[in-house]
Each structure stands twice: as C-alpha cells, then as structure tokens.
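K.L.:
Pasting in a structure now, in structure tokens, and then I'll have a few things to ask.
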Amino acid sequence: MTIEVIAVGGYEEIGKNMTAIKVNDDVVIFDMGIHLDRLHIHEDTDISRMHRVIPDDTLMREVDGKVRAIVCTHGHIDHIGAIAKLAHRYEAPIIATPYTLALIEKTIKGERKFKVNNPLKSVNPGEKIQISPNLTLEFVRTTHSIPQTITAALHTPEGAIIYANDFKFDNHQMVSPPPDYRRFRELGKKGVKVAIMDTTNIKEKQQSKTHSEKIARDLLKDVLKGPLEERKGLIVTTFSSHIERIQAITKIAERSRRKIMILGRSMERYCSLAESMGILNLPRNVSVYGNSKSINKALARANDHRSKYMLLVTGHQGEPDALLPRIANNKTNFEIKPGDNVVFSASTIPNPINLANRDLLDRRLKERGARIYNNVHVSGHAGPEDMREFIRMLQPQHLIPAHGDLSHLAAFVELAEEEGYKLGNDVHILRNGQAQVFNR
C-alpha cells in the first residue's frame with residue numbers, strides 16, 4: 001500500500017489551504033481555501049470574482065486516482081473559500097460539520113461563474129463515514145475561533161492520517177465543548193501514520209500555550225464594567241465569525257441597561273446562521289442589522305440615545321470600508337464624542353497595510369476624544385506547547401507541518417526534533433506542488 005501526501009496550497013503561506021491524500025487509487029482532498037490577508041478569513045468577503053487567491057490545483061490532473069471526498073475542517077474562508085471555484089472539477093461529495101456546511105452552501109450560492117453540484121454531506125464531531133472500502137473518515141472534536149471545528153482522522157489499513165488544520169486546546173468555551181483528548185490518545189495508541197499540523201502560531205514564543213477563551217471573557221468583564229455603566233457611547237469590535245467571542249460579549253452586556261446592536265453584513269451572516277442552528281444564544285436585548293438602510297437607522301437611534309446602546313461592529317483592523325473606520329471618519333449617523341469607549345476584542349494582524357490602517361483609525365478615534373481599549377483578545381491557534389502536547393498524544397510515525405510560510409515550517413521542525421523526530425527521516429517539509437510518499 002502506498003500513501004501520498006500532496007501539498008496543493010498552504011505550504012508556502014498562511015491560507016490557501018488544500019491538501020490531497022492518496023491511498024492507493026483513492027484520493028481525499030482536505031480543505032479548499034483562499035489566500036487573503038488573515039483578517040478576511042473571519043469576515044464575509046466577496047470572493048466571487050477572485051481567482052488569483054485560490055490554490056493551483058492543476059497538479060491534481062497528474063494524480064492517478066479517484067477523488068472520493070472533499071473534506072472541510074471548519075468555516076473560515078482560508079479553508080472553504082475556493083470550493084465555489086474548484087469543487088466542480090471533482091466528482092466527489094463535500095463533507096463538513098453542519099455549521100461549516102451551511103457556510104459552504106452560502107459560498108456556493110454566491111458564485112457567479114461556476115456551477116457546483118457536488119453532493120453535500122453533513123457529519124457531526126465524533127462521527128465516522130465510509131469513504132471507500134479502504135478508507136473511513138472520522139471527525140474528532142477540537143476547538144478554534146469558529147464553531148464546529150474538527151480534526152480529521154482518515155483511517156487506512158496502514159494507520160490513521162491526521163489532518164489538524166486549524167486547532168487550539170481550549171477547555172472553557174461557552175459555545176463549543178472541549179477537544180476530545182481521550183479520542184486523540186486512543187488514536188495515538190492505535191497507530192497514527194502521518195499527522196499534518198497547523199503551524200500558524202509556532203513562532204509565538206511569548207505565549208507558548210494559547211490562552212483559553214475564559215481569559216478573554218475575564219478581560220472583557222473587567223474592561224466593560226465601567227463603560228457599560230457610564231452615560232457615554234460604547235463600541236466593541238471583533239471578528240464576525242468569532243461566535244464564541246460574540247456570545248461572551250453579549251452575555252456580559254445582557255444585564256446592563258444597554259440594548260445591544262450587532263451591526264454589519266458579515267455580522268448578520270455568521271450570527272444569524274449560528275443562532276438559527278442553536279449554536280449562538282443571543283439575549284433578548286440584542287438586535288442584528290445587516291443591510292445599509294437598517295444599519296443607518298440603528299446608528300441614528302444610538303447617536304440620539306448613546307447611553308442606552310452598545311454597538312458591536314467589525315473594523316478592528318482599520319479596513320476603510322468597515323463600519324468602525326467609517327464611524328471614526330464621520331461617514332455614518334453615529335458621531336464619536338469625547339469620553340466614548342471603543343473596545344478592540346481582536347489583535348492587530350501584523351502586516352504593513354493593517355498596521356497603517358489601524359494607526360490611522362486610532363488617531364481618528366483619539367482626535368474625537370474616544371477612550372481606546374486594545375487587544376482584549378486571545379488567539380484561536382495552538383501555541384508551540386499545544387503542538388508539543390498534540391504530538392505526544394498522537395505519537396505519529398511521521399509529521400508534516402502546514403498552514404505557514406517556510407519560516408513557520410522550519411520552526412515546527414525544530415520543535416519536532418526536540419521530540420525525537422528528524423528532518424528528512426520522519427518530519428517532512430513540503431512546498432506547494434510537492435508530495436511525500438510513504439510506502440509499506
């Protein structure tokens with residue numbers, strides 16, 4: 001039996017994730033994402049006319065085998081965004097958890113050029129599905145910054161192939177249960193042939209183990225206590241796909257005298273879907289507004305009665321067309337006044353454009369007298385010690401780092417070698433378009 005790991009995308013950049021696993025003549029594709037700035041993976045980005053940011057899957061024409069399934073680990077668009085552009089090329093079902101599948105359906109419906117008629121199959125965390133006579137797919141529960149994220153285990157006669165892209169180990173989320181550590185350890189004892197792992201936060205040496213969302217909730221409680229009681233304007237900004245964080249923010253503000261307005265198209269998209277599926281439980285004092293007309297009316301009400309409302313919006317990176325920068329630039333019906341509070345429940349993504357946009361946003365807010373609370377946030381990606389813990393649970397024969405540029409992959413190799421692996425022997429660096437073959 002021959003197992004081949006084919007790096008289609010996500011092995012030279014953070015994003016554009018797409019990996020093919022070939023077991024004899026059966027092929028399973030994991031993720032079909034796009035490569036955008038990390039900001040956009042969390043938001044409702046119009047990708048219908050984007051072609052240069054998708055993986056180059058032309059190499060799949062040279063792969064001698066039948067694609068049996070397209071498997072998506074979660075709903076961020078660096079993992080599902082290219083499905084509308086590429087999935088029609090493969091006669092295979094798209095398999096994901098219910099929330100991820102619902103987001104995929106919306107992506108497909110928005111596609112203007114290609115017809116995607118692949119069957120859609122929903123699989124819950126903890127469930128298995130037969131892919132072919134030799135392959136069984138299992139969804140193992142994990143946590144991330146979007147609900148129903150899974151780690152995929154592809155069971156083969158030679159052992160399991162683990163695809164862990166993305167994950168964190170969080171035991172204290174409100175929306176999602178903890179990762180299934182017991183099952184990961186069972187898989188390790190049973191035999192893991194290869195583990196493909198997310199390396200996004202491998203270089204975060206100052207936070208070797210990623211903090212839980214419980215830390216973010218405690219930070220938010222402390223930060224919001226005063227502003228919720230003051231008679232000033234209050235704006236909170238975070239990622240629209242971060243349902244866990246939105247749940248926390250609304251629960252903290254629920255018992256205040258303020259009504260909560262969730263504003264923006266992307267906020268409405270993710271929140272409405274999560275609420276309709278019973279994932280998000282919004283308090284009664286929350287209203288969600290997605291179209292421009294309703295947003296403008298809501299902002300006018302909040303401007304006239306600023307002490308009665310809390311606004312929850314996007315725009316934390318300073319992106320010019322998002323709502324918070326437009327508010328800061330006096331392009332909406334809500335005017336920032338001296339003493340108003342603005343809480344950033346997100347970190348600044350460190351690239352030159354974001355840093356410049358965010359600096360401009362901060363200066364605009366301060367010019368108008370706003371009080372700013374920065375980085376009330378924890379990451380959704382595993383830190384180096386989480387990765388080490390995962391390796392020890394799984395005890396894989398081989399490791400392949402993914403979801404990073406060469407510096408991320410190299411940093412992961414250092415960690416793997418600390419755990420007894422050796423580059424070129426049982427830990428392997430791939431670039432986009434390359435493959436690693438494992439023979440019996």
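In the structure tokens, each chain is lettered A, B, ... as it comes, each chain's residues begin at 1, and ligands are numbered from 1 in order of appearance.
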Please list as a PyMOL selection string every residue within 10 Å of stretch 349-358 of chain A, counting only C-alpha atoms and excluding residues in the same chain fewer than 3 positions away.
P.N.:
chain A and resi 37-39+315-320+325+346+361-364
K.L.:
Quick one: write out the picked residues with N, CA and C atoms as an mmCIF file, in the first residue's frame?
P.N.:
data_model
loop_
_atom_site.group_PDB
_atom_site.id
_atom_site.type_symbol
_atom_site.label_atom_id
_atom_site.label_comp_id
_atom_site.auth_asym_id
_atom_site.auth_seq_id
_atom_site.Cartn_x
_atom_site.Cartn_y
_atom_site.Cartn_z
ATOM 1 N N ASP A 37 -5.343 38.209 3.200
ATOM 2 C CA ASP A 37 -4.900 38.665 4.495
ATOM 3 C C ASP A 37 -5.706 37.949 5.578
ATOM 4 N N ARG A 38 -5.036 37.601 6.677
ATOM 5 C CA ARG A 38 -5.697 36.811 7.716
ATOM 6 C C ARG A 38 -6.950 37.475 8.273
ATOM 7 N N LEU A 39 -7.055 38.779 8.135
ATOM 8 C CA LEU A 39 -8.273 39.470 8.557
ATOM 9 C C LEU A 39 -9.492 38.873 7.867
ATOM 10 N N GLY A 315 -14.306 46.029 11.874
ATOM 11 C CA GLY A 315 -13.450 47.166 11.557
ATOM 12 C C GLY A 315 -12.243 47.296 12.459
ATOM 13 N N HIS A 316 -11.929 46.261 13.228
ATOM 14 C CA HIS A 316 -10.851 46.318 14.217
ATOM 15 C C HIS A 316 -9.469 46.445 13.612
ATOM 16 N N GLN A 317 -9.308 46.114 12.307
ATOM 17 C CA GLN A 317 -8.008 46.282 11.663
ATOM 18 C C GLN A 317 -7.886 47.636 10.963
ATOM 19 N N GLY A 318 -8.945 48.443 11.023
ATOM 20 C CA GLY A 318 -8.922 49.740 10.365
ATOM 21 C C GLY A 318 -9.241 49.683 8.898
ATOM 22 N N GLU A 319 -9.752 48.535 8.404
ATOM 23 C CA GLU A 319 -10.063 48.404 6.981
ATOM 24 C C GLU A 319 -11.075 49.480 6.585
ATOM 25 N N PRO A 320 -10.776 50.291 5.573
ATOM 26 C CA PRO A 320 -11.501 51.541 5.316
ATOM 27 C C PRO A 320 -13.003 51.408 5.112
ATOM 28 N N PRO A 325 -14.161 52.172 11.122
ATOM 29 C CA PRO A 325 -13.453 53.282 10.490
ATOM 30 C C PRO A 325 -14.389 54.314 9.879
ATOM 31 N N ALA A 346 -9.815 42.016 19.567
ATOM 32 C CA ALA A 346 -9.083 41.392 18.466
ATOM 33 C C ALA A 346 -7.680 41.983 18.484
ATOM 34 N N LEU A 361 -6.853 54.650 12.191
ATOM 35 C CA LEU A 361 -8.107 54.529 12.936
ATOM 36 C C LEU A 361 -7.941 55.009 14.368
ATOM 37 N N ASP A 362 -6.873 54.587 15.029
ATOM 38 C CA ASP A 362 -6.635 55.014 16.420
ATOM 39 C C ASP A 362 -6.508 56.535 16.511
ATOM 40 N N ARG A 363 -5.797 57.136 15.551
ATOM 41 C CA ARG A 363 -5.618 58.589 15.590
ATOM 42 C C ARG A 363 -6.947 59.318 15.389
ATOM 43 N N ARG A 364 -7.768 58.794 14.471
ATOM 44 C CA ARG A 364 -9.093 59.404 14.249
ATOM 45 C C ARG A 364 -9.952 59.312 15.510
#
K.L.:
Would you pick out the contacts of A:Glu111 at 7 Å or less, using only C-alpha atoms, so that residues sharing its chain but fewer than 3 positions from it are not included, and give the list as a list in words?
P.N.:
Ser48, Ala84, Thr107, Ile108 and Phe114 of chain A
K.L.:
Can you write out the residues you just picked, keeping N, CA, C and O atoms, as a PDB file, in the first residue's frame?
P.N.:
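Contents of selection_9.pdb, freshly written:
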ATOM      1  N   SER A  48     -16.411  36.076  -5.140  1.00  0.00           N
ATOM      2  CA  SER A  48     -16.972  35.553  -6.392  1.00  0.00           C
ATOM      3  C   SER A  48     -16.121  35.898  -7.611  1.00  0.00           C
ATOM      4  O   SER A  48     -16.148  35.188  -8.609  1.00  0.00           O
ATOM      5  N   ALA A  84     -16.220  27.064  -4.228  1.00  0.00           N
ATOM      6  CA  ALA A  84     -17.078  27.514  -5.329  1.00  0.00           C
ATOM      7  C   ALA A  84     -16.317  27.603  -6.647  1.00  0.00           C
ATOM      8  O   ALA A  84     -16.933  27.589  -7.721  1.00  0.00           O
ATOM      9  N   THR A 107     -21.545  30.144   0.292  1.00  0.00           N
ATOM     10  CA  THR A 107     -20.454  30.461  -0.632  1.00  0.00           C
ATOM     11  C   THR A 107     -20.788  29.995  -2.047  1.00  0.00           C
ATOM     12  O   THR A 107     -20.569  30.714  -3.030  1.00  0.00           O
ATOM     13  N   ILE A 108     -21.326  28.792  -2.152  1.00  0.00           N
ATOM     14  CA  ILE A 108     -21.689  28.238  -3.461  1.00  0.00           C
ATOM     15  C   ILE A 108     -22.797  29.075  -4.115  1.00  0.00           C
ATOM     16  O   ILE A 108     -22.750  29.369  -5.315  1.00  0.00           O
ATOM     17  N   PHE A 114     -19.163  29.510 -11.821  1.00  0.00           N
ATOM     18  CA  PHE A 114     -19.154  28.053 -11.892  1.00  0.00           C
ATOM     19  C   PHE A 114     -20.393  27.461 -11.214  1.00  0.00           C
ATOM     20  O   PHE A 114     -20.926  28.025 -10.252  1.00  0.00           O
TER      21      PHE A 114
END
K.L.:
Which residue, A:Ser379, A:Lys366, A:Asp304, A:Pro157, has the smallest gap to A:Lys214 when you use only C-alpha atoms?
P.N.:
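Checking each of A:Ser379, A:Lys366, A:Asp304, A:Pro157 against A:Lys214, counting only C-alpha atoms, the winner is A:Ser379.
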K.L.:
Can you tell me, as a PyMOL selection string, what residues are no more than 9 Å from stretch 187-204 of chain A when counting only C-alpha atoms, ignoring any on the same chain fewer than 5 positions away?
P.N.:
chain A and resi 14+153+155-156+158-167+182+209-210+379+381-385+387+391-405+407-409+411-412+415+438
K.L.:
Using backbone DSSP assignments, extract all strand (DSSP E or B) residues from stretch 265-414 of chain A; output them as a list of chain:residue names.
P.N.:
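Assigned to strand (DSSP E or B), within stretch 265-414 of chain A: A:Val286, A:Ser287, A:Val288, A:Tyr289, A:Tyr309, A:Met310, A:Leu311, A:Leu312, A:Val313, A:Asn341, A:Val342, A:Val343, A:Phe344, A:Arg371, A:Ile372, A:Tyr373, A:His398, A:Leu399, A:Ile400, A:Pro401, A:Ala402, A:Gly404.
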K.L.:
Find the spatial neighbours of stretch 121-128 of chain A, counting only C-alpha atoms, within a cut-off of 9 Å - ignore same-chain residues fewer than 3 positions away - and output them as a compact mmCIF listing (two decimals) with N, CA, C and O atoms, in the first residue's frame.
P.N.:
# COMPACT_ATOMS: atom_id res chain seq x y z
N PRO A 93 -18.35 14.10 -3.08
CA PRO A 93 -19.15 14.86 -2.12
C PRO A 93 -18.29 15.81 -1.30
O PRO A 93 -17.10 15.56 -1.08
N ILE A 94 -18.91 16.89 -0.84
CA ILE A 94 -18.27 17.81 0.09
C ILE A 94 -18.77 17.44 1.49
O ILE A 94 -19.98 17.41 1.73
N ILE A 95 -17.84 17.17 2.39
CA ILE A 95 -18.18 16.67 3.72
C ILE A 95 -17.69 17.66 4.77
O ILE A 95 -16.53 18.08 4.75
N ALA A 96 -18.58 18.05 5.68
CA ALA A 96 -18.23 19.00 6.73
C ALA A 96 -19.25 18.90 7.86
O ALA A 96 -20.28 18.23 7.72
N THR A 97 -18.97 19.57 8.98
CA THR A 97 -19.94 19.65 10.07
C THR A 97 -21.11 20.53 9.63
O THR A 97 -21.00 21.30 8.67
N PRO A 98 -22.26 20.46 10.32
CA PRO A 98 -23.45 21.20 9.86
C PRO A 98 -23.24 22.70 9.69
O PRO A 98 -23.67 23.28 8.68
N TYR A 99 -22.58 23.36 10.65
CA TYR A 99 -22.38 24.81 10.55
C TYR A 99 -21.44 25.15 9.39
O TYR A 99 -21.69 26.07 8.60
N THR A 100 -20.35 24.38 9.27
CA THR A 100 -19.42 24.59 8.17
C THR A 100 -20.11 24.36 6.83
O THR A 100 -19.93 25.14 5.88
N LEU A 101 -20.93 23.33 6.76
CA LEU A 101 -21.63 23.02 5.51
C LEU A 101 -22.61 24.13 5.13
O LEU A 101 -22.76 24.47 3.95
N THR A 136 -11.93 5.20 5.96
CA THR A 136 -13.01 5.70 6.82
C THR A 136 -12.60 7.06 7.36
O THR A 136 -11.46 7.24 7.84
N LEU A 137 -13.50 8.01 7.27
CA LEU A 137 -13.24 9.37 7.75
C LEU A 137 -13.90 9.56 9.11
O LEU A 137 -15.07 9.23 9.28
N GLU A 138 -13.16 10.11 10.04
CA GLU A 138 -13.68 10.40 11.38
C GLU A 138 -13.47 11.87 11.70
O GLU A 138 -12.40 12.42 11.43
N PHE A 139 -14.49 12.51 12.26
CA PHE A 139 -14.38 13.89 12.72
C PHE A 139 -14.17 13.88 14.23
O PHE A 139 -15.05 13.45 14.99
N VAL A 140 -13.01 14.35 14.67
CA VAL A 140 -12.69 14.40 16.10
C VAL A 140 -12.85 15.84 16.58
O VAL A 140 -12.33 16.77 15.97
N ARG A 141 -13.58 15.99 17.66
CA ARG A 141 -13.91 17.32 18.18
C ARG A 141 -12.65 18.07 18.64
O ARG A 141 -11.82 17.53 19.36
N THR A 142 -12.54 19.31 18.19
CA THR A 142 -11.49 20.19 18.69
C THR A 142 -12.07 21.60 18.83
O THR A 142 -13.28 21.80 18.66
N GLN A 148 -17.81 24.34 15.65
CA GLN A 148 -17.81 23.04 14.97
C GLN A 148 -16.56 22.80 14.14
O GLN A 148 -16.59 22.20 13.07
N THR A 149 -15.42 23.25 14.65
CA THR A 149 -14.14 22.91 14.05
C THR A 149 -13.77 21.48 14.43
O THR A 149 -13.97 21.07 15.57
N ILE A 150 -13.25 20.73 13.47
CA ILE A 150 -12.86 19.35 13.75
C ILE A 150 -11.43 19.10 13.31
O ILE A 150 -10.87 19.84 12.49
N THR A 151 -10.83 18.08 13.90
CA THR A 151 -9.61 17.48 13.37
C THR A 151 -10.04 16.22 12.63
O THR A 151 -10.79 15.41 13.17
N ASP A 180 -11.64 16.51 22.16
CA ASP A 180 -11.80 15.13 22.60
C ASP A 180 -10.41 14.53 22.82
O ASP A 180 -9.91 13.73 22.01
N ARG A 183 -10.06 10.69 22.69
CA ARG A 183 -10.03 10.09 21.37
C ARG A 183 -8.67 10.29 20.70
O ARG A 183 -8.15 9.39 20.03
K.L.:
Which of these residues is nearest to A:Lys22, using only C-alpha atoms: A:Lys297, A:His35, A:Arg68, A:Lys331?
P.N.:
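Closest to A:Lys22, using only C-alpha atoms: A:Arg68.
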K.L.:
Could you state the separation of atom CA of A:Lys259 and atom CA of A:Leu220 in Å, given to one decimal place?
P.N.:
17.2 Å
K.L.:
Pick the closest to A:Gly339 from A:Ile77, A:Gly10, A:Gly226, A:Ala370: which is it, counting only C-alpha atoms?
P.N.:
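Of A:Ile77, A:Gly10, A:Gly226, A:Ala370, the one nearest A:Gly339, counting only C-alpha atoms, is A:Ala370.
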K.L.:
Would you work out the distance separating atom CA of A:Pro55 from atom CA of A:Ala92, expressed in Å to one decimal?
P.N.:
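Going from atom CA of A:Pro55 over to atom CA of A:Ala92, I get 18.0 Å.
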K.L.:
Would you list, as a ChimeraX atom specification, the residues of stretch 207-426 of chain A that end up in helix (DSSP H, G or I) under DSSP run on this structure's backbone?
P.N.:
/A:207,213-229,243-254,265-276,292-304,306-308,323-328,352-367,384-394,406-418
K.L.:
Taking only C-alpha atoms into account, which of A:Leu234, A:Val437, A:Val23, A:Ala102 comes nearest A:His305?
P.N.:
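Selected residue with least distance to A:His305: A:Leu234.
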K.L.:
Tell me, as a count of residues only, which residues lie within 12 Å of A:Gly433, counting only C-alpha atoms; anything in the same chain fewer than 6 positions away does not count.
P.N.:
20
K.L.:
Near A:Tyr289, within 7 Å and counting only C-alpha atoms, which residues show up once chain neighbours fewer than 2 positions away are dropped, as a list of chain:residue names?
P.N.:
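Residues near the query, excluding close chain neighbours: A:Ile262, A:Leu263, A:Gly264, A:Glu268, A:Ser287, A:Asn291, A:Ser294, A:Ile295.
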K.L.:
Give me a file of those residues, with C-alpha atoms, as a PDB file, in the first residue's frame.
P.N.:
ATOM      1  CA  ILE A 262     -24.909  43.894  16.229  1.00  0.00           C
ATOM      2  CA  LEU A 263     -24.211  45.761  13.008  1.00  0.00           C
ATOM      3  CA  GLY A 264     -22.887  44.774   9.588  1.00  0.00           C
ATOM      4  CA  GLU A 268     -25.550  39.256  10.340  1.00  0.00           C
ATOM      5  CA  SER A 287     -30.816  43.276  17.656  1.00  0.00           C
ATOM      6  CA  ASN A 291     -28.274  45.933   5.314  1.00  0.00           C
ATOM      7  CA  SER A 294     -31.286  49.329   8.720  1.00  0.00           C
ATOM      8  CA  ILE A 295     -27.737  49.988   9.945  1.00  0.00           C
TER       9      ILE A 295
END
K.L.:
Which residues, written as a ChimeraX atom specification, have at least one atom at most 9 Å from A:Tyr373, with only C-alpha atoms counted and residues fewer than 4 positions away on the same chain left out?
P.N.:
/A:223,341-345
K.L.:
Output the selection as a CSV table (one decimal), in the first residue's frame - N, CA, C and O atoms for each residue.
P.N.:
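Saved file out-v2.csv follows:
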chain,number,residue,atom,x,y,z
A,223,VAL,N,-12.9,45.1,31.4
A,223,VAL,CA,-12.8,46.2,30.6
A,223,VAL,C,-14.2,46.9,30.4
A,223,VAL,O,-14.4,48.1,30.4
A,341,ASN,N,-16.3,55.1,24.6
A,341,ASN,CA,-15.4,54.0,24.8
A,341,ASN,C,-15.4,53.1,23.6
A,341,ASN,O,-16.5,52.7,23.1
A,342,VAL,N,-14.2,52.7,23.1
A,342,VAL,CA,-14.1,51.8,22.0
A,342,VAL,C,-13.2,50.6,22.4
A,342,VAL,O,-12.0,50.8,22.8
A,343,VAL,N,-13.7,49.4,22.4
A,343,VAL,CA,-13.0,48.2,22.9
A,343,VAL,C,-12.7,47.3,21.7
A,343,VAL,O,-13.6,46.9,20.9
A,344,PHE,N,-11.4,47.0,21.5
A,344,PHE,CA,-10.9,46.1,20.4
A,344,PHE,C,-10.7,44.7,21.0
A,344,PHE,O,-9.7,44.4,21.7
A,345,SER,N,-11.7,43.8,20.7
A,345,SER,CA,-11.6,42.4,21.2
A,345,SER,C,-11.0,41.6,20.0
A,345,SER,O,-11.6,40.6,19.5
K.L.:
What gap, in Å, lies between atom CA of A:Glu275 and atom CA of A:Ile249?
P.N.:
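One can read the atom CA of A:Glu275 to atom CA of A:Ile249 distance as 15.0 Å.
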